[in-house]
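Engineer: Pasting a structure below so you can have a look.
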Amino acid sequence: SERPALDTLHELGWEVLDQQVTYWTDSRETESSAVLEPRLRDAVEDLNPWLTENNLNKVVREVQQVAGTSTMDENEGIHEKVVRHTSVKQDRGHGAKHQTVKFIDYETPENNDFFALNQFRVEGPVETIKPDIVLFVNGLPLGVIECKSPTVAEPRSDALEQLQRYQNERTETGSEGAEELFRYNQFSVATWYEGAVMGTYKTPKNQYKPWRDPYPATDEMLADRFGVDYVSPQHRMLYALFEPERLLDQLRHFTVFENKQSGTVKMVARYQQYRAVHKALERID
């Protein structure tokens, strides 16, 4: 299911690099980093061309150095910065004032850099993980997709087990994975072409759910867009979560953090909630 997933992402407008076909030059200083810093730097500079070199460096460091008492705290802090932006003090001709700096352009999605890469290595404390597909928006890894063959006995269980391992959720030792990748995570997807389920960081395995309705699109529209006769659950899921405009919409408007006794929980919308909100807005209009 990995190759068809990459093809679908390409059709959705992502720049796709398949490391099994094309050599990729890894620009990271270390594999323990999950951010593609040159892409992040270029995107921030493109979106905020007035930034001085010093302030550009400061902003690029800032989003990567969000601190917290847990990976979930850091995920929430990074989400806050990415969605609500940050600011720097700079003189743009009217005296030194705090100026808003965007990490992502939500109004014009095509102004952002959408890059999908397979077999992306991230070094953890003990082991190096290599998810099937990682999706970067402006250099930040917002999506992780684990792909399995539909012909294996338990593709759903196998894919979710891998996602749990990557997040150090499978064992009490907490040393199998690389949580650095999940400081930025918006969606984690397990897919086996004939089925696909989604969650986010720390979603329990039994809470990963399918996306059954691509509203406001239809399966007929997706069939035309992808040039297929059969729209698989994988097609539907990748469109629903990772079509660029929809991804930014969900990142900005359909993601919340709730503080519970057990700690902070990150929640993302399921298809019924996404559909209901948009239908309500249409009625209001």
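Note on naming: chains are A, B, ... as they come in the structure tokens, residues start from 1 per chain, ligands start from 1 in the order shown.
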So that I can check the surroundings of region 129-146 of chain A, please list as a list in words every protein, DNA and RNA residue that reaches within 6 Å of it, counting only C-alpha atoms and ignoring chain neighbours fewer than 4 positions away.

Structural biologist: Val35, Leu36, Arg39, Leu40, Ala43, Asp113, Phe114, Phe115, Ala116, Leu117, Asn118, Gln119, Phe120, Arg121, Val122, Ala159, Tyr184, Asn185, Gln186, Phe187, Ser188, Val189 and Ala190 of chain A

Engineer: How about saving the chosen residues, N, CA and C atoms kept, as a CSV table (one decimal), in the first residue's frame?

Structural biologist:
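Resulting contents of result-v8.csv:
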chain,number,residue,atom,x,y,z
A,35,VAL,N,13.0,17.5,12.2
A,35,VAL,CA,12.6,18.6,11.4
A,35,VAL,C,13.6,18.8,10.2
A,36,LEU,N,13.1,19.1,9.1
A,36,LEU,CA,13.9,19.4,7.9
A,36,LEU,C,14.2,20.9,7.9
A,39,ARG,N,14.2,23.3,4.9
A,39,ARG,CA,12.9,23.6,4.4
A,39,ARG,C,12.1,24.5,5.3
A,40,LEU,N,12.2,24.3,6.6
A,40,LEU,CA,11.6,25.2,7.6
A,40,LEU,C,12.1,26.6,7.4
A,43,ALA,N,10.8,28.2,4.2
A,43,ALA,CA,9.4,28.5,4.2
A,43,ALA,C,9.1,29.8,5.1
A,113,ASP,N,5.0,24.6,1.8
A,113,ASP,CA,5.8,23.5,1.2
A,113,ASP,C,5.3,22.2,1.8
A,114,PHE,N,4.7,21.4,0.9
A,114,PHE,CA,4.1,20.0,1.3
A,114,PHE,C,5.0,19.0,0.7
A,115,PHE,N,5.7,18.2,1.6
A,115,PHE,CA,6.7,17.3,1.2
A,115,PHE,C,6.5,15.9,1.8
A,116,ALA,N,6.4,14.9,1.0
A,116,ALA,CA,6.2,13.5,1.6
A,116,ALA,C,7.4,12.7,1.3
A,117,LEU,N,7.9,12.0,2.3
A,117,LEU,CA,9.1,11.2,2.2
A,117,LEU,C,8.9,9.8,2.8
A,118,ASN,N,9.3,8.8,2.1
A,118,ASN,CA,9.2,7.5,2.8
A,118,ASN,C,10.5,7.0,3.4
A,119,GLN,N,10.4,6.1,4.3
A,119,GLN,CA,11.6,5.5,5.0
A,119,GLN,C,12.5,6.6,5.6
A,120,PHE,N,11.8,7.5,6.3
A,120,PHE,CA,12.5,8.6,7.0
A,120,PHE,C,13.1,8.1,8.3
A,121,ARG,N,14.3,8.2,8.5
A,121,ARG,CA,15.0,7.7,9.7
A,121,ARG,C,15.0,8.7,10.8
A,122,VAL,N,14.6,8.3,12.0
A,122,VAL,CA,14.7,9.2,13.2
A,122,VAL,C,15.3,8.4,14.3
A,159,ALA,N,0.0,-2.6,11.7
A,159,ALA,CA,0.4,-1.2,11.5
A,159,ALA,C,0.2,-0.4,12.8
A,184,TYR,N,5.6,17.0,16.9
A,184,TYR,CA,5.0,17.9,15.9
A,184,TYR,C,3.7,17.2,15.3
A,185,ASN,N,3.4,16.0,15.7
A,185,ASN,CA,2.5,15.1,15.0
A,185,ASN,C,1.0,15.7,15.1
A,186,GLN,N,0.4,15.7,13.9
A,186,GLN,CA,-1.0,16.0,13.9
A,186,GLN,C,-1.9,14.8,13.6
A,187,PHE,N,-1.5,14.0,12.6
A,187,PHE,CA,-2.2,12.8,12.4
A,187,PHE,C,-1.2,11.6,12.2
A,188,SER,N,-1.7,10.4,12.8
A,188,SER,CA,-1.0,9.2,12.5
A,188,SER,C,-2.0,8.2,11.9
A,189,VAL,N,-1.6,7.6,10.8
A,189,VAL,CA,-2.5,6.8,10.0
A,189,VAL,C,-1.9,5.4,9.8
A,190,ALA,N,-2.8,4.4,10.0
A,190,ALA,CA,-2.5,3.0,9.7
A,190,ALA,C,-3.3,2.6,8.5

Engineer: Can you pull out every residue within 8 Å of Ile78 (chain A), counting only C-alpha atoms, but drop anything in the same chain fewer than 5 positions away, and send it as a count of residues only?

Structural biologist: 4

Engineer: Excluding Val268 (chain A) and residues on its chain fewer than 3 positions from it, collect all residues at most 8 Å away from it, counting only C-alpha atoms, and give them as a list in words.

Structural biologist: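 Answer for this query is Gly199, Thr200, Gln250, Phe254, Thr255 and Val256 of chain A.
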
Engineer: How would the residues just chosen look if you wrote them out with all heavy atoms as a PDB file, in the first residue's frame?

Structural biologist:
ATOM      1  N   GLY A 199      -5.580   8.447  13.920  1.00  0.00           N
ATOM      2  CA  GLY A 199      -5.540   8.968  15.271  1.00  0.00           C
ATOM      3  C   GLY A 199      -4.543  10.099  15.306  1.00  0.00           C
ATOM      4  O   GLY A 199      -4.132  10.634  14.268  1.00  0.00           O
ATOM      5  N   THR A 200      -4.114  10.452  16.502  1.00  0.00           N
ATOM      6  CA  THR A 200      -3.086  11.463  16.651  1.00  0.00           C
ATOM      7  C   THR A 200      -2.104  10.979  17.710  1.00  0.00           C
ATOM      8  O   THR A 200      -2.115   9.792  18.075  1.00  0.00           O
ATOM      9  CB  THR A 200      -3.706  12.838  16.995  1.00  0.00           C
ATOM     10  OG1 THR A 200      -2.686  13.828  16.970  1.00  0.00           O
ATOM     11  CG2 THR A 200      -4.395  12.834  18.344  1.00  0.00           C
ATOM     12  N   GLN A 250      -7.916  21.390   9.509  1.00  0.00           N
ATOM     13  CA  GLN A 250      -8.021  20.544  10.701  1.00  0.00           C
ATOM     14  C   GLN A 250      -6.960  20.892  11.738  1.00  0.00           C
ATOM     15  O   GLN A 250      -7.225  20.858  12.945  1.00  0.00           O
ATOM     16  CB  GLN A 250      -7.947  19.077  10.290  1.00  0.00           C
ATOM     17  CG  GLN A 250      -9.154  18.689   9.448  1.00  0.00           C
ATOM     18  CD  GLN A 250      -9.218  17.228   9.123  1.00  0.00           C
ATOM     19  OE1 GLN A 250      -9.630  16.435   9.943  1.00  0.00           O
ATOM     20  NE2 GLN A 250      -8.803  16.867   7.906  1.00  0.00           N
ATOM     21  N   PHE A 254      -9.779  22.155  14.122  1.00  0.00           N
ATOM     22  CA  PHE A 254     -10.388  20.907  14.589  1.00  0.00           C
ATOM     23  C   PHE A 254      -9.459  20.112  15.504  1.00  0.00           C
ATOM     24  O   PHE A 254      -9.543  18.882  15.545  1.00  0.00           O
ATOM     25  CB  PHE A 254     -10.805  20.044  13.389  1.00  0.00           C
ATOM     26  CG  PHE A 254     -11.958  20.612  12.607  1.00  0.00           C
ATOM     27  CD1 PHE A 254     -11.732  21.527  11.581  1.00  0.00           C
ATOM     28  CD2 PHE A 254     -13.258  20.240  12.883  1.00  0.00           C
ATOM     29  CE1 PHE A 254     -12.788  22.052  10.856  1.00  0.00           C
ATOM     30  CE2 PHE A 254     -14.319  20.765  12.162  1.00  0.00           C
ATOM     31  CZ  PHE A 254     -14.091  21.670  11.145  1.00  0.00           C
ATOM     32  N   THR A 255      -8.591  20.785  16.211  1.00  0.00           N
ATOM     33  CA  THR A 255      -7.650  20.122  17.111  1.00  0.00           C
ATOM     34  C   THR A 255      -7.699  20.814  18.464  1.00  0.00           C
ATOM     35  O   THR A 255      -7.578  22.037  18.541  1.00  0.00           O
ATOM     36  CB  THR A 255      -6.216  20.205  16.549  1.00  0.00           C
ATOM     37  OG1 THR A 255      -6.196  19.641  15.230  1.00  0.00           O
ATOM     38  CG2 THR A 255      -5.238  19.447  17.433  1.00  0.00           C
ATOM     39  N   VAL A 256      -7.885  20.021  19.519  1.00  0.00           N
ATOM     40  CA  VAL A 256      -7.954  20.598  20.861  1.00  0.00           C
ATOM     41  C   VAL A 256      -7.142  19.742  21.832  1.00  0.00           C
ATOM     42  O   VAL A 256      -6.898  18.561  21.590  1.00  0.00           O
ATOM     43  CB  VAL A 256      -9.409  20.716  21.369  1.00  0.00           C
ATOM     44  CG1 VAL A 256     -10.198  21.691  20.526  1.00  0.00           C
ATOM     45  CG2 VAL A 256     -10.092  19.362  21.420  1.00  0.00           C
TER      46      VAL A 256
END

Engineer: Need the shell around region 46-54 of chain A: protein/DNA/RNA residues with any atom at most 8 Å away, counting only C-alpha atoms. Skip same-chain ones fewer than 4 positions apart. Format as a PyMOL selection string?

Structural biologist: chain A and resi 42+58+90+92+101-105+111

Engineer: For N, CA and C atoms, I'd like the residues from the last selection saved as a compact mmCIF listing (two decimals), in the first residue's frame.

Structural biologist:
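The result, stored in selection00.txt:
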# COMPACT_ATOMS: atom_id res chain seq x y z
N ASP A 42 13.56 28.03 4.79
CA ASP A 42 13.14 28.61 3.51
C ASP A 42 11.67 29.04 3.55
N LYS A 58 16.33 33.09 14.96
CA LYS A 58 15.64 32.98 16.25
C LYS A 58 14.33 32.22 16.11
N GLN A 90 11.17 43.95 15.74
CA GLN A 90 11.95 44.39 14.58
C GLN A 90 11.40 45.71 14.06
N ARG A 92 10.38 47.81 11.07
CA ARG A 92 10.03 47.71 9.66
C ARG A 92 9.76 49.08 9.06
N VAL A 101 5.05 36.67 13.04
CA VAL A 101 5.80 35.80 12.12
C VAL A 101 5.00 34.52 11.91
N LYS A 102 4.72 34.19 10.67
CA LYS A 102 3.95 32.98 10.35
C LYS A 102 4.88 31.81 10.08
N PHE A 103 4.50 30.64 10.64
CA PHE A 103 5.15 29.39 10.26
C PHE A 103 4.42 28.73 9.10
N ILE A 104 3.11 28.98 9.00
CA ILE A 104 2.26 28.39 7.96
C ILE A 104 1.30 29.46 7.46
N ASP A 105 1.06 29.48 6.16
CA ASP A 105 0.07 30.38 5.58
C ASP A 105 -1.23 29.60 5.43
N ASN A 111 0.97 28.50 -0.77
CA ASN A 111 2.20 29.20 -0.39
C ASN A 111 3.10 28.38 0.52

Engineer: Please determine, counting only C-alpha atoms, which residue among A:Asn206, A:Thr100, A:Gln234, A:Gln164 has the shortest atom-to-atom distance to Leu6 (chain A).

Structural biologist: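 Among the listed residues, the smallest separation from Leu6 (chain A) belongs to A:Gln234.
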
Engineer: So the first atom is CA of Ala96 (chain A) and the second is CA of Leu56 (chain A); what is the distance between them in Å, to one decimal place?

Structural biologist: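 Between these atoms lies a distance of 15.8 Å.
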
Engineer: Assign secondary structure with DSSP using the backbone only, and return the residues of region 92-244 of chain A in strand (DSSP E) as a CSV table (one decimal) with N, CA, C and O atoms, in the first residue's frame.

Structural biologist:
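Result written to part.csv:
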chain,number,residue,atom,x,y,z
A,96,ALA,N,11.0,50.0,16.3
A,96,ALA,CA,11.1,48.6,16.7
A,96,ALA,C,9.7,48.3,17.4
A,96,ALA,O,9.4,48.8,18.4
A,97,LYS,N,9.0,47.3,16.8
A,97,LYS,CA,7.8,46.8,17.4
A,97,LYS,C,7.7,45.3,17.2
A,97,LYS,O,8.4,44.7,16.4
A,98,HIS,N,6.8,44.7,18.0
A,98,HIS,CA,6.6,43.3,17.9
A,98,HIS,C,5.8,43.0,16.6
A,98,HIS,O,4.8,43.5,16.3
A,99,GLN,N,6.4,42.1,15.7
A,99,GLN,CA,5.9,41.8,14.4
A,99,GLN,C,5.5,40.3,14.4
A,99,GLN,O,6.2,39.5,14.9
A,100,THR,N,4.3,40.0,13.8
A,100,THR,CA,3.9,38.6,13.7
A,100,THR,C,4.6,37.9,12.7
A,100,THR,O,4.9,38.4,11.6
A,101,VAL,N,5.1,36.7,13.0
A,101,VAL,CA,5.8,35.8,12.1
A,101,VAL,C,5.0,34.5,11.9
A,101,VAL,O,4.6,33.8,12.9
A,114,PHE,N,4.7,21.4,0.9
A,114,PHE,CA,4.1,20.0,1.3
A,114,PHE,C,5.0,19.0,0.7
A,114,PHE,O,5.1,18.8,-0.5
A,115,PHE,N,5.7,18.2,1.6
A,115,PHE,CA,6.7,17.3,1.2
A,115,PHE,C,6.5,15.9,1.8
A,115,PHE,O,6.4,15.9,3.1
A,116,ALA,N,6.4,14.9,1.0
A,116,ALA,CA,6.2,13.5,1.6
A,116,ALA,C,7.4,12.7,1.3
A,116,ALA,O,7.9,12.6,0.1
A,117,LEU,N,7.9,12.0,2.3
A,117,LEU,CA,9.1,11.2,2.2
A,117,LEU,C,8.9,9.8,2.8
A,117,LEU,O,8.4,9.7,3.9
A,118,ASN,N,9.3,8.8,2.1
A,118,ASN,CA,9.2,7.5,2.8
A,118,ASN,C,10.5,7.0,3.4
A,118,ASN,O,11.6,7.6,3.1
A,122,VAL,N,14.6,8.3,12.0
A,122,VAL,CA,14.7,9.2,13.2
A,122,VAL,C,15.3,8.4,14.3
A,122,VAL,O,14.8,7.3,14.7
A,123,GLU,N,16.4,8.9,14.8
A,123,GLU,CA,17.2,8.2,15.9
A,123,GLU,C,16.6,8.4,17.2
A,123,GLU,O,16.4,9.6,17.7
A,128,THR,N,16.7,3.3,16.1
A,128,THR,CA,16.3,4.2,15.0
A,128,THR,C,15.0,3.7,14.3
A,128,THR,O,14.9,2.6,13.9
A,129,ILE,N,14.0,4.5,14.3
A,129,ILE,CA,12.7,4.1,13.7
A,129,ILE,C,12.7,4.6,12.2
A,129,ILE,O,13.5,5.5,11.8
A,133,ILE,N,5.9,6.4,5.7
A,133,ILE,CA,5.8,7.8,5.1
A,133,ILE,C,5.7,8.8,6.2
A,133,ILE,O,4.9,8.6,7.1
A,134,VAL,N,6.5,9.9,6.0
A,134,VAL,CA,6.3,11.0,6.9
A,134,VAL,C,6.0,12.2,6.0
A,134,VAL,O,6.6,12.4,5.0
A,135,LEU,N,5.0,13.0,6.5
A,135,LEU,CA,4.6,14.2,5.7
A,135,LEU,C,5.0,15.5,6.4
A,135,LEU,O,4.6,15.7,7.6
A,136,PHE,N,5.7,16.3,5.7
A,136,PHE,CA,6.2,17.6,6.2
A,136,PHE,C,5.5,18.8,5.6
A,136,PHE,O,5.3,18.8,4.4
A,137,VAL,N,5.1,19.7,6.5
A,137,VAL,CA,4.6,21.0,6.0
A,137,VAL,C,5.6,22.0,6.5
A,137,VAL,O,5.8,22.2,7.7
A,140,LEU,N,8.1,20.7,8.9
A,140,LEU,CA,7.7,20.2,10.2
A,140,LEU,C,6.9,18.9,9.9
A,140,LEU,O,6.0,18.8,9.1
A,141,PRO,N,7.2,17.8,10.6
A,141,PRO,CA,6.6,16.5,10.4
A,141,PRO,C,5.2,16.3,11.0
A,141,PRO,O,5.1,15.9,12.1
A,142,LEU,N,4.2,16.7,10.3
A,142,LEU,CA,2.9,16.7,10.8
A,142,LEU,C,2.1,15.4,10.6
A,142,LEU,O,1.1,15.2,11.3
A,143,GLY,N,2.6,14.6,9.8
A,143,GLY,CA,1.9,13.3,9.5
A,143,GLY,C,2.8,12.1,9.5
A,143,GLY,O,3.9,12.2,9.0
A,144,VAL,N,2.3,11.0,10.0
A,144,VAL,CA,3.1,9.7,9.9
A,144,VAL,C,2.1,8.7,9.4
A,144,VAL,O,1.0,8.5,9.9
A,145,ILE,N,2.5,7.9,8.4
A,145,ILE,CA,1.6,6.9,7.8
A,145,ILE,C,2.4,5.6,7.8
A,145,ILE,O,3.5,5.5,7.4
A,146,GLU,N,1.8,4.5,8.4
A,146,GLU,CA,2.3,3.2,8.4
A,146,GLU,C,1.5,2.3,7.5
A,146,GLU,O,0.3,2.2,7.6
A,147,CYS,N,2.2,1.8,6.5
A,147,CYS,CA,1.5,1.0,5.4
A,147,CYS,C,1.7,-0.5,5.5
A,147,CYS,O,2.9,-0.9,5.8
A,187,PHE,N,-1.5,14.0,12.6
A,187,PHE,CA,-2.2,12.8,12.4
A,187,PHE,C,-1.2,11.6,12.2
A,187,PHE,O,-0.2,11.7,11.6
A,188,SER,N,-1.7,10.4,12.8
A,188,SER,CA,-1.0,9.2,12.5
A,188,SER,C,-2.0,8.2,11.9
A,188,SER,O,-3.2,8.2,12.3
A,189,VAL,N,-1.6,7.6,10.8
A,189,VAL,CA,-2.5,6.8,10.0
A,189,VAL,C,-1.9,5.4,9.8
A,189,VAL,O,-0.8,5.2,9.5
A,190,ALA,N,-2.8,4.4,10.0
A,190,ALA,CA,-2.5,3.0,9.7
A,190,ALA,C,-3.3,2.6,8.5
A,190,ALA,O,-4.5,2.8,8.5
A,191,THR,N,-2.7,2.2,7.4
A,191,THR,CA,-3.4,1.9,6.2
A,191,THR,C,-2.9,0.6,5.5
A,191,THR,O,-1.8,0.2,5.6
A,196,ALA,N,-8.2,1.8,6.4
A,196,ALA,CA,-7.3,2.8,6.9
A,196,ALA,C,-8.0,3.4,8.2
A,196,ALA,O,-9.2,3.6,8.2
A,197,VAL,N,-7.2,3.6,9.2
A,197,VAL,CA,-7.7,4.2,10.4
A,197,VAL,C,-6.8,5.3,10.8
A,197,VAL,O,-5.6,5.3,10.5
A,198,MET,N,-7.3,6.3,11.6
A,198,MET,CA,-6.5,7.5,11.9
A,198,MET,C,-6.6,7.8,13.4
A,198,MET,O,-7.6,7.5,14.1
A,199,GLY,N,-5.6,8.4,13.9
A,199,GLY,CA,-5.5,9.0,15.3
A,199,GLY,C,-4.5,10.1,15.3
A,199,GLY,O,-4.1,10.6,14.3

Engineer: Based on DSSP run over this structure's backbone, return all residues of region 202-278 of chain A in alpha helix (DSSP H), as a ChimeraX atom specification.

Structural biologist: /A:219-226,233-242,244-253,271-278

Engineer: Which of these residues is nearest to Arg165 (chain A), using only C-alpha atoms: A:Trp211, A:Glu220, A:Gln261, A:Ala178?

Structural biologist: A:Ala178

Engineer: Which is closest to Pro216 (chain A) among A:His253, A:Lys202, A:His278, A:Arg283, if we use only C-alpha atoms?

Structural biologist: A:His278
